[in-house]
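For reference, the structure is listed below as structure tokens.
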Amino acid sequence: MYAAYFGLKENPFNLAPEPRYLYLSGHHRDALNCLIYGIKEKKGFVLITGGIGTGKTTVCRALLNSLDDSIETALIFNTAISDLDLLETVLTEYGVSINGGPKTKKVYIDALNDFLLNNFAAGKNAVLIIDEAQNLSHGVLEQIRMLSNLETEREKLIQIVLIGQPELNNTLILPAMRQLNERITVRHDLQRLAPGEVRSYIAYRLTIAGGPGTIIFTEGALGQIYNYTEGIPRRINALCDRALLIAYSKSTARIDRRLVKRAVRDIGINYFQKTMSRWGKIWSRLTA
């Protein structure tokens with residue numbers, strides 16, 4: 001609602017994972033390069049981990065946009081599923097249908113293997129991307145490991161990308177997950193933005209939205225934004241969006257420290273989830 005007022009074509013701080021808004025910090029660029037390398041070189045497994053809101057799904061969407069027609073992709077984002085559900089979903093994503101008969105695990109795997117062999121014969125690669133992989137049960141993770149056994153004498157028929165929060169690493173180091181963990185040779189842990197990158201991140205999103213228009217973020221405002229968000233892109237988007245809305249309501253285009261504090265109060269201090277001892281001091285300053 002404020003975009004036109006600031007001379008923008010659209011909202012620059014939408015929370016949706018839009019690939020064109022992906023700001024390639026060093027870590028985000030490395031994550032994307034790891035994905036492309038693992039797929040192109042047919043490494044079998046690629047693992048991308050990162051905290052909530054660090055941009056994992058946006059990187060995933062950017063990857064999908066970068067792949068050409070030689071790569072068949074399947075994307076799974078609902079990970080509260082059984083091993084049988086997983087197989088059915090993978091086949092559906094690849095456009096493979098099962099005609100009649102019992103729908104057993106063997107039937108699904110045979111159908112998937114036939115698809116992958118035909119895909120390989122046509123000179124194509126197949127990629128399975130699983131987002132929110134930290135929610136997968138041990139049984140489903142084991143089924144995913146078994147899928148990596150679908151191969152020719154020389155290479156894997158399917159490349160599997162696991163994207164999840166850091167607790168996924170805790171699951172993979174369990175003794176029961178050792179066989180899967182040892183197959184994952186391409187990994188990247190996506191980090192939050194550094195203090196100096198927050199300015200560039202905001203400027204980039206404003207540029208993509210047709211700006212920066214009339215908007216000015218002061219040095220103090222940028223420092224406050226980093227302090228409250230800790231460099232987490234999703235939090236930056238939420239805070240900047242609210243700050244611009246407040247600026248719009250006040251008929252100003254200057255975002256300063258005081259306006260950022262007002263935006264934090266509007267959103268609620270608990271949204272930012274820092275340590276309680278530090279937040280107690282911050283909350284006192286906000287409400288003073």
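Just remember, in the structure tokens the first chain shown is A, the second B, etc., residues are 1-based per chain, and ligands are 1-based in the order shown.
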
Residue neighbourhood A:Glu88, 9 Å, only C-alpha atoms, exclusion window fewer than 4 positions, as a PDB file with N, CA, C and O atoms, in the first residue's frame:
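File out17.pdb, as written:
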```
ATOM      1  N   ASP A  83       7.189 -43.186   4.647  1.00  0.00           N
ATOM      2  CA  ASP A  83       8.070 -43.569   3.544  1.00  0.00           C
ATOM      3  C   ASP A  83       7.271 -43.896   2.285  1.00  0.00           C
ATOM      4  O   ASP A  83       7.686 -43.605   1.165  1.00  0.00           O
ATOM      5  N   LEU A  84       6.069 -44.466   2.459  1.00  0.00           N
ATOM      6  CA  LEU A  84       5.224 -44.764   1.307  1.00  0.00           C
ATOM      7  C   LEU A  84       4.688 -43.470   0.689  1.00  0.00           C
ATOM      8  O   LEU A  84       4.631 -43.333  -0.541  1.00  0.00           O
ATOM      9  N   THR A  92       4.490 -38.573  -8.248  1.00  0.00           N
ATOM     10  CA  THR A  92       3.541 -37.544  -8.692  1.00  0.00           C
ATOM     11  C   THR A  92       4.280 -36.319  -9.220  1.00  0.00           C
ATOM     12  O   THR A  92       3.918 -35.753 -10.259  1.00  0.00           O
ATOM     13  N   GLU A  93       5.328 -35.909  -8.503  1.00  0.00           N
ATOM     14  CA  GLU A  93       6.112 -34.748  -8.924  1.00  0.00           C
ATOM     15  C   GLU A  93       6.781 -34.983 -10.275  1.00  0.00           C
ATOM     16  O   GLU A  93       6.920 -34.058 -11.082  1.00  0.00           O
ATOM     17  N   LYS A 103      -0.735 -50.646  -4.392  1.00  0.00           N
ATOM     18  CA  LYS A 103       0.283 -49.605  -4.377  1.00  0.00           C
ATOM     19  C   LYS A 103       1.250 -49.880  -3.225  1.00  0.00           C
ATOM     20  O   LYS A 103       1.147 -49.327  -2.132  1.00  0.00           O
ATOM     21  N   LYS A 105       5.365 -50.498  -1.727  1.00  0.00           N
ATOM     22  CA  LYS A 105       6.658 -49.849  -1.839  1.00  0.00           C
ATOM     23  C   LYS A 105       7.428 -50.376  -3.052  1.00  0.00           C
ATOM     24  O   LYS A 105       8.057 -49.604  -3.786  1.00  0.00           O
ATOM     25  N   TYR A 108       6.103 -48.843  -6.266  1.00  0.00           N
ATOM     26  CA  TYR A 108       6.533 -47.455  -6.410  1.00  0.00           C
ATOM     27  C   TYR A 108       8.005 -47.364  -6.817  1.00  0.00           C
ATOM     28  O   TYR A 108       8.374 -46.589  -7.710  1.00  0.00           O
TER      29      TYR A 108
END
```

Long-range neighbours of A:Thr214 as a list in words, 8 Å cut-off, only C-alpha atoms, 3 positions minimum in chain: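 Once the adjacent positions are removed, what remains is Phe6, Gly7, Gly211 and Ala253 of chain A.
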
DSSP strand (DSSP E) residues within stretch 17-49 of chain A, listed as a count of residues only: 5

Interatomic distance, atom CA of A:Pro166 to atom CA of A:Thr49 (Å, one decimal):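 Atom-to-atom, atom CA of A:Pro166 and atom CA of A:Thr49 are spaced 5.6 Å apart.
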
Who sits within 7 Å of stretch 189-199 of chain A, only C-alpha atoms, same chain under 2 positions skipped, as a ChimeraX atom specification: /A:27-28,31,48-50,54,187,201-203,222,226,231-232

Write the residues of the selection above to a file with all heavy atoms, as a CSV table (one decimal), in the first residue's frame.
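To be explicit, this is the file written out as out.csv:
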```csv
chain,number,residue,atom,x,y,z
A,27,HIS,N,27.7,-16.2,1.6
A,27,HIS,CA,27.2,-17.5,2.1
A,27,HIS,C,26.1,-18.0,1.1
A,27,HIS,O,26.0,-19.2,0.8
A,27,HIS,CB,26.6,-17.4,3.5
A,27,HIS,CG,27.7,-17.6,4.5
A,27,HIS,ND1,28.2,-18.9,4.8
A,27,HIS,CD2,28.3,-16.8,5.4
A,27,HIS,CE1,29.1,-18.8,5.8
A,27,HIS,NE2,29.2,-17.5,6.1
A,28,HIS,N,25.2,-17.1,0.7
A,28,HIS,CA,24.1,-17.5,-0.2
A,28,HIS,C,24.6,-17.9,-1.6
A,28,HIS,O,24.1,-18.8,-2.2
A,28,HIS,CB,23.1,-16.3,-0.3
A,28,HIS,CG,22.3,-16.1,0.9
A,28,HIS,ND1,22.8,-15.4,2.0
A,28,HIS,CD2,21.0,-16.5,1.3
A,28,HIS,CE1,21.9,-15.4,3.0
A,28,HIS,NE2,20.8,-16.0,2.5
A,31,ALA,N,26.1,-21.3,-1.2
A,31,ALA,CA,25.0,-22.3,-1.1
A,31,ALA,C,24.5,-22.7,-2.4
A,31,ALA,O,24.3,-23.9,-2.8
A,31,ALA,CB,23.9,-21.8,-0.2
A,48,ILE,N,21.9,-28.7,2.5
A,48,ILE,CA,22.0,-27.2,2.8
A,48,ILE,C,21.2,-27.1,4.1
A,48,ILE,O,20.1,-27.4,4.2
A,48,ILE,CB,21.3,-26.4,1.7
A,48,ILE,CG1,22.0,-26.6,0.4
A,48,ILE,CG2,21.4,-24.9,2.1
A,48,ILE,CD1,23.5,-26.1,0.3
A,49,THR,N,21.9,-26.6,5.1
A,49,THR,CA,21.3,-26.3,6.4
A,49,THR,C,21.4,-24.8,6.7
A,49,THR,O,22.2,-24.1,6.1
A,49,THR,CB,21.9,-27.1,7.5
A,49,THR,OG1,23.3,-26.8,7.6
A,49,THR,CG2,21.7,-28.6,7.4
A,50,GLY,N,20.6,-24.3,7.6
A,50,GLY,CA,20.6,-22.9,8.0
A,50,GLY,C,19.4,-22.6,9.0
A,50,GLY,O,18.4,-23.3,9.0
A,54,THR,N,16.9,-17.7,7.2
A,54,THR,CA,18.1,-17.3,6.6
A,54,THR,C,18.1,-17.3,5.1
A,54,THR,O,19.1,-16.9,4.4
A,54,THR,CB,19.3,-18.2,7.1
A,54,THR,OG1,18.9,-19.6,6.9
A,54,THR,CG2,19.6,-18.0,8.6
A,187,ARG,N,28.1,-30.2,1.2
A,187,ARG,CA,27.3,-29.6,2.2
A,187,ARG,C,27.6,-28.1,2.3
A,187,ARG,O,28.7,-27.6,2.0
A,187,ARG,CB,27.7,-30.2,3.6
A,187,ARG,CG,27.5,-31.7,3.7
A,187,ARG,CD,28.1,-32.2,5.0
A,187,ARG,NE,28.1,-33.7,5.0
A,187,ARG,CZ,27.4,-34.4,5.9
A,187,ARG,NH1,26.8,-33.7,6.9
A,187,ARG,NH2,27.4,-35.7,5.9
A,201,TYR,N,21.9,-5.6,1.5
A,201,TYR,CA,20.7,-6.4,1.3
A,201,TYR,C,19.5,-5.5,1.1
A,201,TYR,O,18.7,-5.7,0.2
A,201,TYR,CB,20.5,-7.2,2.6
A,201,TYR,CG,19.2,-8.0,2.6
A,201,TYR,CD1,19.1,-9.3,2.0
A,201,TYR,CD2,18.1,-7.6,3.3
A,201,TYR,CE1,18.0,-10.0,2.0
A,201,TYR,CE2,16.9,-8.3,3.3
A,201,TYR,CZ,16.9,-9.5,2.7
A,201,TYR,OH,15.7,-10.2,2.7
A,202,ILE,N,19.3,-4.5,2.0
A,202,ILE,CA,18.2,-3.5,1.9
A,202,ILE,C,18.2,-2.8,0.6
A,202,ILE,O,17.2,-2.6,-0.1
A,202,ILE,CB,18.2,-2.6,3.1
A,202,ILE,CG1,17.9,-3.4,4.4
A,202,ILE,CG2,17.2,-1.5,2.9
A,202,ILE,CD1,18.0,-2.5,5.6
A,203,ALA,N,19.4,-2.3,0.2
A,203,ALA,CA,19.6,-1.5,-1.1
A,203,ALA,C,19.2,-2.4,-2.3
A,203,ALA,O,18.6,-1.9,-3.2
A,203,ALA,CB,21.0,-1.0,-1.2
A,222,LEU,N,20.1,1.6,10.2
A,222,LEU,CA,20.7,0.3,9.7
A,222,LEU,C,21.4,-0.4,10.9
A,222,LEU,O,21.3,-1.7,10.9
A,222,LEU,CB,21.8,0.6,8.7
A,222,LEU,CG,21.3,1.2,7.3
A,222,LEU,CD1,22.4,1.7,6.5
A,222,LEU,CD2,20.4,0.2,6.6
A,226,TYR,N,20.1,-4.2,12.2
A,226,TYR,CA,21.0,-5.4,12.4
A,226,TYR,C,20.9,-5.9,13.9
A,226,TYR,O,20.8,-7.1,14.1
A,226,TYR,CB,22.5,-5.1,12.1
A,226,TYR,CG,23.3,-6.3,12.4
A,226,TYR,CD1,23.4,-7.4,11.5
A,226,TYR,CD2,24.1,-6.4,13.6
A,226,TYR,CE1,24.2,-8.5,11.8
A,226,TYR,CE2,24.8,-7.5,13.9
A,226,TYR,CZ,24.9,-8.6,13.0
A,226,TYR,OH,25.6,-9.7,13.3
A,231,GLY,N,20.8,-10.0,11.5
A,231,GLY,CA,21.2,-10.3,10.1
A,231,GLY,C,20.4,-11.4,9.5
A,231,GLY,O,20.8,-12.0,8.4
A,232,ILE,N,19.2,-11.8,10.0
A,232,ILE,CA,18.4,-12.8,9.5
A,232,ILE,C,17.5,-12.2,8.4
A,232,ILE,O,16.6,-11.3,8.8
A,232,ILE,CB,17.6,-13.5,10.6
A,232,ILE,CG1,18.5,-14.2,11.5
A,232,ILE,CG2,16.6,-14.5,10.0
A,232,ILE,CD1,17.8,-14.8,12.8
```

For A:Arg178: contacts at 12 Å, only C-alpha atoms, fewer than 5 positions along chain excluded, given as a list in words: His138, Leu141, Glu142, Arg145, Asn169, Asn170, Thr171, Leu172, Ile173, Arg183 and Ile184 of chain A

Dump of all heavy atoms for the selected residues, as a CSV table (one decimal), in the first residue's frame:
```csv
chain,number,residue,atom,x,y,z
A,138,HIS,N,13.2,-40.9,10.9
A,138,HIS,CA,14.3,-41.8,10.6
A,138,HIS,C,14.0,-42.8,9.5
A,138,HIS,O,14.8,-43.1,8.6
A,138,HIS,CB,14.8,-42.5,11.9
A,138,HIS,CG,15.4,-41.6,12.9
A,138,HIS,ND1,16.0,-42.1,14.0
A,138,HIS,CD2,15.5,-40.2,12.9
A,138,HIS,CE1,16.4,-41.0,14.7
A,138,HIS,NE2,16.1,-39.9,14.1
A,141,LEU,N,14.1,-41.0,6.1
A,141,LEU,CA,15.4,-40.7,5.8
A,141,LEU,C,16.1,-41.9,5.3
A,141,LEU,O,16.9,-41.9,4.3
A,141,LEU,CB,16.2,-40.1,7.0
A,141,LEU,CG,15.9,-38.7,7.3
A,141,LEU,CD1,16.5,-38.3,8.7
A,141,LEU,CD2,16.4,-37.7,6.2
A,142,GLU,N,15.8,-43.1,5.9
A,142,GLU,CA,16.4,-44.3,5.4
A,142,GLU,C,15.9,-44.7,4.0
A,142,GLU,O,16.7,-45.2,3.2
A,142,GLU,CB,16.1,-45.4,6.4
A,142,GLU,CG,16.6,-46.8,6.0
A,142,GLU,CD,18.1,-47.0,5.8
A,142,GLU,OE1,18.8,-46.0,6.2
A,142,GLU,OE2,18.5,-47.9,5.2
A,145,ARG,N,17.8,-42.7,1.6
A,145,ARG,CA,19.1,-43.3,1.3
A,145,ARG,C,19.0,-44.4,0.3
A,145,ARG,O,19.8,-44.5,-0.6
A,145,ARG,CB,19.7,-43.8,2.6
A,145,ARG,CG,21.1,-44.4,2.5
A,145,ARG,CD,21.6,-45.0,3.7
A,145,ARG,NE,20.9,-46.3,4.0
A,145,ARG,CZ,21.2,-47.4,3.5
A,145,ARG,NH1,22.2,-47.6,2.6
A,145,ARG,NH2,20.5,-48.5,3.9
A,169,ASN,N,21.3,-31.7,11.1
A,169,ASN,CA,22.7,-32.2,11.3
A,169,ASN,C,22.8,-33.1,12.5
A,169,ASN,O,23.5,-34.1,12.5
A,169,ASN,CB,23.7,-31.0,11.5
A,169,ASN,CG,24.0,-30.3,10.2
A,169,ASN,OD1,24.2,-31.0,9.1
A,169,ASN,ND2,23.9,-29.0,10.2
A,170,ASN,N,22.0,-32.7,13.6
A,170,ASN,CA,22.0,-33.6,14.8
A,170,ASN,C,21.4,-34.9,14.5
A,170,ASN,O,21.8,-35.9,15.1
A,170,ASN,CB,21.2,-32.8,15.9
A,170,ASN,CG,21.8,-31.5,16.3
A,170,ASN,OD1,23.0,-31.3,16.2
A,170,ASN,ND2,21.0,-30.6,16.8
A,171,THR,N,20.4,-35.0,13.6
A,171,THR,CA,19.8,-36.3,13.3
A,171,THR,C,20.8,-37.1,12.5
A,171,THR,O,20.9,-38.3,12.7
A,171,THR,CB,18.5,-36.0,12.5
A,171,THR,OG1,17.6,-35.3,13.3
A,171,THR,CG2,17.9,-37.4,12.0
A,172,LEU,N,21.5,-36.5,11.5
A,172,LEU,CA,22.3,-37.2,10.6
A,172,LEU,C,23.6,-37.8,11.3
A,172,LEU,O,24.1,-38.8,10.8
A,172,LEU,CB,22.8,-36.3,9.5
A,172,LEU,CG,21.7,-35.9,8.5
A,172,LEU,CD1,22.2,-34.8,7.5
A,172,LEU,CD2,21.2,-37.1,7.7
A,173,ILE,N,24.0,-37.3,12.5
A,173,ILE,CA,25.2,-37.8,13.1
A,173,ILE,C,24.8,-38.9,14.1
A,173,ILE,O,25.7,-39.5,14.7
A,173,ILE,CB,25.9,-36.7,13.9
A,173,ILE,CG1,25.1,-36.1,15.0
A,173,ILE,CG2,26.4,-35.7,13.0
A,173,ILE,CD1,25.8,-35.1,15.9
A,183,ARG,N,27.2,-40.6,2.9
A,183,ARG,CA,27.0,-40.4,1.5
A,183,ARG,C,26.9,-38.9,1.1
A,183,ARG,O,26.9,-38.6,-0.1
A,183,ARG,CB,25.7,-41.1,1.1
A,183,ARG,CG,25.8,-42.7,1.2
A,183,ARG,CD,24.7,-43.4,0.5
A,183,ARG,NE,24.8,-44.8,0.7
A,183,ARG,CZ,24.0,-45.7,0.1
A,183,ARG,NH1,23.2,-45.3,-0.9
A,183,ARG,NH2,24.1,-47.0,0.3
A,184,ILE,N,26.7,-38.1,2.1
A,184,ILE,CA,26.5,-36.6,1.8
A,184,ILE,C,27.9,-36.0,1.7
A,184,ILE,O,28.5,-35.7,2.8
A,184,ILE,CB,25.6,-36.0,2.8
A,184,ILE,CG1,24.3,-36.7,2.9
A,184,ILE,CG2,25.4,-34.5,2.5
A,184,ILE,CD1,23.4,-36.2,4.0
```

Counting only C-alpha atoms, what is within 12 Å of A:Leu136, bar same-chain residues fewer than 5 positions away, as a PDB file with N, CA and C atoms, in the first residue's frame?
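Here's the written file result23.pdb:
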```
ATOM      1  N   ILE A  76       9.633 -31.491  -2.812  1.00  0.00           N
ATOM      2  CA  ILE A  76       8.778 -31.887  -1.695  1.00  0.00           C
ATOM      3  C   ILE A  76       8.977 -30.893  -0.557  1.00  0.00           C
ATOM      4  N   PHE A  77       7.895 -30.286  -0.104  1.00  0.00           N
ATOM      5  CA  PHE A  77       7.992 -29.337   1.012  1.00  0.00           C
ATOM      6  C   PHE A  77       7.120 -29.752   2.197  1.00  0.00           C
ATOM      7  N   ASN A  78       6.244 -30.755   2.000  1.00  0.00           N
ATOM      8  CA  ASN A  78       5.471 -31.310   3.108  1.00  0.00           C
ATOM      9  C   ASN A  78       6.200 -32.559   3.591  1.00  0.00           C
ATOM     10  N   THR A  79       6.918 -32.440   4.695  1.00  0.00           N
ATOM     11  CA  THR A  79       7.790 -33.533   5.122  1.00  0.00           C
ATOM     12  C   THR A  79       7.225 -34.329   6.302  1.00  0.00           C
ATOM     13  N   ALA A  80       6.000 -34.060   6.684  1.00  0.00           N
ATOM     14  CA  ALA A  80       5.345 -34.870   7.721  1.00  0.00           C
ATOM     15  C   ALA A  80       4.648 -36.044   7.032  1.00  0.00           C
ATOM     16  N   ILE A  81       5.455 -36.944   6.455  1.00  0.00           N
ATOM     17  CA  ILE A  81       4.930 -38.021   5.619  1.00  0.00           C
ATOM     18  C   ILE A  81       5.599 -39.340   5.971  1.00  0.00           C
ATOM     19  N   SER A  82       4.983 -40.423   5.532  1.00  0.00           N
ATOM     20  CA  SER A  82       5.558 -41.752   5.723  1.00  0.00           C
ATOM     21  C   SER A  82       6.473 -42.071   4.539  1.00  0.00           C
ATOM     22  N   ASP A  83       7.189 -43.186   4.647  1.00  0.00           N
ATOM     23  CA  ASP A  83       8.070 -43.569   3.544  1.00  0.00           C
ATOM     24  C   ASP A  83       7.271 -43.896   2.285  1.00  0.00           C
ATOM     25  N   ASP A  85       4.299 -42.523   1.547  1.00  0.00           N
ATOM     26  CA  ASP A  85       3.847 -41.214   1.058  1.00  0.00           C
ATOM     27  C   ASP A  85       4.953 -40.528   0.276  1.00  0.00           C
ATOM     28  N   LEU A  86       6.171 -40.664   0.765  1.00  0.00           N
ATOM     29  CA  LEU A  86       7.312 -40.049   0.079  1.00  0.00           C
ATOM     30  C   LEU A  86       7.425 -40.573  -1.348  1.00  0.00           C
ATOM     31  N   ILE A 130      14.144 -31.799  -1.259  1.00  0.00           N
ATOM     32  CA  ILE A 130      13.276 -31.937  -0.091  1.00  0.00           C
ATOM     33  C   ILE A 130      13.549 -30.778   0.854  1.00  0.00           C
ATOM     34  N   ASP A 131      12.592 -29.859   0.954  1.00  0.00           N
ATOM     35  CA  ASP A 131      12.697 -28.715   1.849  1.00  0.00           C
ATOM     36  C   ASP A 131      12.135 -29.116   3.215  1.00  0.00           C
ATOM     37  N   LEU A 141      14.056 -40.966   6.147  1.00  0.00           N
ATOM     38  CA  LEU A 141      15.450 -40.680   5.777  1.00  0.00           C
ATOM     39  C   LEU A 141      16.148 -41.939   5.260  1.00  0.00           C
ATOM     40  N   GLU A 142      15.846 -43.071   5.876  1.00  0.00           N
ATOM     41  CA  GLU A 142      16.425 -44.327   5.412  1.00  0.00           C
ATOM     42  C   GLU A 142      15.911 -44.677   4.020  1.00  0.00           C
ATOM     43  N   GLN A 143      14.624 -44.396   3.766  1.00  0.00           N
ATOM     44  CA  GLN A 143      14.069 -44.637   2.435  1.00  0.00           C
ATOM     45  C   GLN A 143      14.754 -43.739   1.394  1.00  0.00           C
ATOM     46  N   ILE A 144      15.023 -42.510   1.784  1.00  0.00           N
ATOM     47  CA  ILE A 144      15.724 -41.592   0.888  1.00  0.00           C
ATOM     48  C   ILE A 144      17.122 -42.122   0.573  1.00  0.00           C
ATOM     49  N   LEU A 162      18.821 -32.189   0.244  1.00  0.00           N
ATOM     50  CA  LEU A 162      18.149 -32.045   1.530  1.00  0.00           C
ATOM     51  C   LEU A 162      18.375 -30.625   2.046  1.00  0.00           C
ATOM     52  N   ILE A 163      17.279 -29.926   2.344  1.00  0.00           N
ATOM     53  CA  ILE A 163      17.364 -28.559   2.848  1.00  0.00           C
ATOM     54  C   ILE A 163      16.630 -28.504   4.181  1.00  0.00           C
ATOM     55  N   GLY A 164      17.312 -28.054   5.222  1.00  0.00           N
ATOM     56  CA  GLY A 164      16.655 -28.063   6.518  1.00  0.00           C
ATOM     57  C   GLY A 164      17.348 -27.188   7.543  1.00  0.00           C
ATOM     58  N   GLN A 165      16.753 -27.127   8.709  1.00  0.00           N
ATOM     59  CA  GLN A 165      17.285 -26.358   9.822  1.00  0.00           C
ATOM     60  C   GLN A 165      18.448 -27.111  10.468  1.00  0.00           C
ATOM     61  N   GLU A 167      19.041 -28.575  13.161  1.00  0.00           N
ATOM     62  CA  GLU A 167      18.812 -29.836  13.872  1.00  0.00           C
ATOM     63  C   GLU A 167      18.873 -31.049  12.951  1.00  0.00           C
ATOM     64  N   LEU A 168      18.780 -30.816  11.644  1.00  0.00           N
ATOM     65  CA  LEU A 168      18.942 -31.923  10.703  1.00  0.00           C
ATOM     66  C   LEU A 168      20.333 -32.535  10.839  1.00  0.00           C
ATOM     67  N   THR A 171      20.415 -34.976  13.634  1.00  0.00           N
ATOM     68  CA  THR A 171      19.816 -36.261  13.274  1.00  0.00           C
ATOM     69  C   THR A 171      20.790 -37.101  12.462  1.00  0.00           C
ATOM     70  N   LEU A 172      21.469 -36.470  11.539  1.00  0.00           N
ATOM     71  CA  LEU A 172      22.343 -37.212  10.631  1.00  0.00           C
ATOM     72  C   LEU A 172      23.560 -37.815  11.323  1.00  0.00           C
TER      73      LEU A 172
END
```

Polymer residues at most 12 Å from A:Glu18, only C-alpha atoms, same-chain spacing of 3 or more positions, as an NGL selection string: :A and (11-15 or 21-23 or 55-65 or 205 or 208-209 or 234)

Pick from A:Pro19, A:Gly95, A:Ile71, A:Val140, whichever lies nearest to A:Gly123 using only C-alpha atoms: A:Ile71

Can you pull out the residues contacting A:Phe45? Cut-off 12 Å, using only C-alpha atoms, and skip same-chain residues under 3 positions away; I want them as a PDB file with C-alpha atoms, in the first residue's frame.
```pdb
ATOM      1  CA  CYS A  34      27.094 -26.055  -3.914  1.00  0.00           C
ATOM      2  CA  LEU A  35      23.645 -27.007  -5.167  1.00  0.00           C
ATOM      3  CA  ILE A  36      24.541 -26.460  -8.806  1.00  0.00           C
ATOM      4  CA  TYR A  37      27.860 -28.310  -8.418  1.00  0.00           C
ATOM      5  CA  GLY A  38      26.294 -31.291  -6.645  1.00  0.00           C
ATOM      6  CA  ILE A  39      23.613 -31.630  -9.307  1.00  0.00           C
ATOM      7  CA  LYS A  40      25.788 -31.057 -12.376  1.00  0.00           C
ATOM      8  CA  GLU A  41      28.538 -33.373 -11.137  1.00  0.00           C
ATOM      9  CA  LYS A  42      25.986 -35.989  -9.988  1.00  0.00           C
ATOM     10  CA  ILE A  48      21.992 -27.247   2.792  1.00  0.00           C
ATOM     11  CA  VAL A 127      16.812 -34.076  -9.033  1.00  0.00           C
ATOM     12  CA  LEU A 128      14.749 -34.576  -5.902  1.00  0.00           C
ATOM     13  CA  ILE A 129      14.654 -31.521  -3.600  1.00  0.00           C
ATOM     14  CA  ILE A 130      13.276 -31.937  -0.091  1.00  0.00           C
ATOM     15  CA  ILE A 144      15.724 -41.592   0.888  1.00  0.00           C
ATOM     16  CA  ARG A 145      19.110 -43.260   1.340  1.00  0.00           C
ATOM     17  CA  MET A 146      17.797 -46.324  -0.457  1.00  0.00           C
ATOM     18  CA  LEU A 147      16.673 -44.164  -3.375  1.00  0.00           C
ATOM     19  CA  SER A 148      20.294 -43.184  -3.897  1.00  0.00           C
ATOM     20  CA  ASN A 149      20.971 -46.840  -4.744  1.00  0.00           C
ATOM     21  CA  LYS A 156      23.619 -42.001  -9.850  1.00  0.00           C
ATOM     22  CA  LEU A 157      20.250 -41.842 -11.581  1.00  0.00           C
ATOM     23  CA  ILE A 158      18.883 -39.324  -9.089  1.00  0.00           C
ATOM     24  CA  GLN A 159      20.463 -36.419  -7.224  1.00  0.00           C
ATOM     25  CA  ILE A 160      18.920 -35.710  -3.823  1.00  0.00           C
ATOM     26  CA  VAL A 161      18.995 -32.299  -2.162  1.00  0.00           C
ATOM     27  CA  LEU A 162      18.149 -32.045   1.530  1.00  0.00           C
ATOM     28  CA  ILE A 163      17.364 -28.559   2.848  1.00  0.00           C
ATOM     29  CA  LEU A 180      23.180 -41.736   4.967  1.00  0.00           C
ATOM     30  CA  ASN A 181      25.461 -39.173   6.580  1.00  0.00           C
ATOM     31  CA  GLU A 182      28.560 -40.657   4.953  1.00  0.00           C
ATOM     32  CA  ARG A 183      26.984 -40.402   1.498  1.00  0.00           C
ATOM     33  CA  ILE A 184      26.515 -36.638   1.785  1.00  0.00           C
ATOM     34  CA  THR A 185      29.748 -35.199   0.422  1.00  0.00           C
ATOM     35  CA  VAL A 186      28.507 -31.738  -0.654  1.00  0.00           C
ATOM     36  CA  ARG A 187      27.331 -29.559   2.246  1.00  0.00           C
ATOM     37  CA  HIS A 188      26.852 -25.923   3.132  1.00  0.00           C
TER      38      HIS A 188
END
```
